[in-house]
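Below: one structure, written as structure tokens.
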Amino acid sequence: LDTFYFEADHRFSTSHDYKVAKIIANDLIQVYLEDRLNNINVKRGSDNSLKWTASKTALTELIYALYSHGVFNNGNTDIKLIAKAFEDAFNIELGDFYHTFAVL
């Protein structure tokens, strides 16, 4: 639909109504898409059927063992990223895993 007819009729709209409407529409689309993405992420998190039931120390040892063997990204992965992935995967909060490993 050509907007010239709407913009030319001053009884129908002002000179910037169409531009403002496009901005508002784009903002609403952004909110909708972000909401859909958040819902997808929430559903992924709720399907998590694995829960770590051993000690946090055991998981920390496992993370450090995998890190030291370089099994993720050919050894080019930060240990924080590995720990975060395990926290998300097993629905557990490790806290200060550096300190846990240092005490071992």
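If you're wondering about the labels, chains in the structure tokens are A, B, ... by order shown, residues count from 1 in each chain, ligands from 1 in order shown.
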DSSP alpha helix (DSSP H) residues within range 34-83 of chain A, listed as a count of residues only = 32
Ala83 in chain A environment, 12 Å, only C-alpha atoms, sequence neighbours closer than 5 positions dropped, as a list in words = Lys56, Leu59, Thr60, Glu61, Leu62, Ile63, Tyr64, Ala65, Leu66, Tyr67, Phe72, Thr77, Asp78, Asp88, Ala89, Phe90, Asn91, Ile92, Glu93, Leu94, Gly95, Asp96, Phe97 and Tyr98 of chain A
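Computed from the coordinates, the CA of Val71 in chain A to CA of Ala85 in chain A distance equals 13.7 Å.
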Grab the CA of Gly70 in chain A to CA of Ala58 in chain A distance for me, in Å with one decimal place.
->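 Taking CA of Gly70 in chain A as the start and CA of Ala58 in chain A as the end point, the length is 18.5 Å.
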